[in-house]
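Q: Here's a structure for you.
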Amino acid sequence: MSRRSLRTLLAAGGAAAVMALLPTSAQAAPFSGGNYGAYGMEGQYPTTSFCSGSFRQIGPTKYAEGMALKYFYSDKCGSFARIENSRANCAAVLQRSDNGVGRVDGWVSETVDAGINYAYTQMGNNLNGRVSRAVLSCDGHDLVATGWY
């Protein structure tokens with residue numbers, strides 16, 4: 001190997017190492033509360049390979065201020081909420097009830113990233129008698145929600 005190609009290789013490697021240490025563009029982080037995470041699959045996104053392709057939309061799309069709220073369910077993974085055509089300061093929220101009576105015991109939300117107009121939550125485990133619902137929340141106010149499924 002020539003001295004020049006070795007120098008080029010080392011410079012490229014050093015640049016790659018520096019780039020790996022720099023933060024990437026900001027991504028919205030999920031927020032959660034209650035006992036969210038107490039059941040299997042919670043804390044994972046619906047794109048995980050075990051669940052990918054197993055979801056179907058349940059119930060009609062709900063609308064508020066031109067934004068759409070959708071609720072998706074998989075009988076092997078649970079559910080998640082998705083919002084579309086959203087403005088800034090809005091979040092998709094999934095609320096889960098442990099005993100099926102529609103009392104929120106755990107929840108997870110995902111805000112809309114800068115530069116895009118949609119968001120979807122991590123999964124909630126509404127299997128084995130638990131239920132969940134999707135909520136579109138903007139500026140700290142719930143605008144629309146699905147029923148409990």
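Every chain in the structure tokens takes a letter, A first, then B, and so on in the order presented; its residues are numbered from 1, and the ligands are numbered from 1 following the presented order.
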Where in segment 8-143 of chain A does DSSP assign strand (DSSP E), given as a ChimeraX atom specification?

A: /A:31-34,56-57,62-64,67-74,78-84,90-97,106-111,119-120,131-138,141-143

Q: Which residues, written as a ChimeraX atom specification, have at least one atom at most 6 Å from segment 52-61 of chain A, with only C-alpha atoms counted and residues fewer than 4 positions away on the same chain left out?

A: /A:47-48,69-74

Q: Would you put the residues from that selection into a file with N, CA, C and O atoms, as a PDB file, in the first residue's frame?

A:
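The resulting part-v5.pdb:
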ATOM      1  N   THR A  47     -42.465  -1.700  14.222  1.00  0.00           N
ATOM      2  CA  THR A  47     -41.643  -2.129  13.093  1.00  0.00           C
ATOM      3  C   THR A  47     -40.704  -3.269  13.464  1.00  0.00           C
ATOM      4  O   THR A  47     -39.989  -3.769  12.601  1.00  0.00           O
ATOM      5  N   THR A  48     -40.700  -3.688  14.726  1.00  0.00           N
ATOM      6  CA  THR A  48     -39.856  -4.803  15.126  1.00  0.00           C
ATOM      7  C   THR A  48     -40.199  -6.022  14.277  1.00  0.00           C
ATOM      8  O   THR A  48     -41.347  -6.239  13.930  1.00  0.00           O
ATOM      9  N   LEU A  69     -56.100  10.644  13.212  1.00  0.00           N
ATOM     10  CA  LEU A  69     -55.698   9.728  14.275  1.00  0.00           C
ATOM     11  C   LEU A  69     -56.133   8.330  13.879  1.00  0.00           C
ATOM     12  O   LEU A  69     -57.293   8.113  13.513  1.00  0.00           O
ATOM     13  N   LYS A  70     -55.188   7.387  13.939  1.00  0.00           N
ATOM     14  CA  LYS A  70     -55.477   5.993  13.589  1.00  0.00           C
ATOM     15  C   LYS A  70     -55.020   5.082  14.720  1.00  0.00           C
ATOM     16  O   LYS A  70     -54.022   5.354  15.388  1.00  0.00           O
ATOM     17  N   TYR A  71     -55.751   3.981  14.886  1.00  0.00           N
ATOM     18  CA  TYR A  71     -55.447   2.980  15.905  1.00  0.00           C
ATOM     19  C   TYR A  71     -55.204   1.654  15.204  1.00  0.00           C
ATOM     20  O   TYR A  71     -56.011   1.225  14.385  1.00  0.00           O
ATOM     21  N   PHE A  72     -54.069   1.013  15.511  1.00  0.00           N
ATOM     22  CA  PHE A  72     -53.704  -0.246  14.879  1.00  0.00           C
ATOM     23  C   PHE A  72     -53.568  -1.332  15.938  1.00  0.00           C
ATOM     24  O   PHE A  72     -53.103  -1.078  17.054  1.00  0.00           O
ATOM     25  N   TYR A  73     -53.943  -2.563  15.568  1.00  0.00           N
ATOM     26  CA  TYR A  73     -53.939  -3.692  16.497  1.00  0.00           C
ATOM     27  C   TYR A  73     -53.363  -4.939  15.824  1.00  0.00           C
ATOM     28  O   TYR A  73     -53.591  -5.188  14.647  1.00  0.00           O
ATOM     29  N   SER A  74     -52.642  -5.713  16.610  1.00  0.00           N
ATOM     30  CA  SER A  74     -52.137  -7.016  16.203  1.00  0.00           C
ATOM     31  C   SER A  74     -52.468  -7.993  17.320  1.00  0.00           C
ATOM     32  O   SER A  74     -52.157  -7.718  18.488  1.00  0.00           O
TER      33      SER A  74
END

Q: Show which residues sit within 7 Å of Gln95 of chain A, as a ChimeraX atom specification. Count only C-alpha atoms, and ignore same-chain residues fewer than 5 positions away.

A: /A:104,106-108,132-134

Q: Write out as a PyMOL selection string which residues come within 10 Å of Glu110 of chain A when counting only C-alpha atoms, dropping same-chain ones fewer than 5 positions away.

A: chain A and resi 28-32+81-83+90-94+118-122

Q: With distances taken over only C-alpha atoms, which of A:Val144, A:Cys51, A:Met41, A:Ala114 is nearest to Ala88 of chain A?

A: A:Ala114

Q: Which polymer residues have any atom within 12 Å of an atom of Asn99 of chain A, counting only C-alpha atoms, with same-chain residues fewer than 3 positions away left out, as a PyMOL selection string?

A: chain A and resi 96+102-106+125-132+148-149

Q: Based on the backbone DSSP call, show me all residues of chain A assigned helix (DSSP H, G or I), as a ChimeraX atom specification.

A: /A:3-21

Q: Quick one: distance from atom CA of Ser97 of chain A to atom CA of Lys76 of chain A in Å, one decimal?

A: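 Spanning atom CA of Ser97 of chain A to atom CA of Lys76 of chain A is a straight-line distance of 17.5 Å.
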
Q: For a quick check of understanding, using only C-alpha atoms, which of A:Asn35, A:Thr111, A:Ser49, A:Ser79 has the smallest distance to Asp139 of chain A?

A: A:Thr111
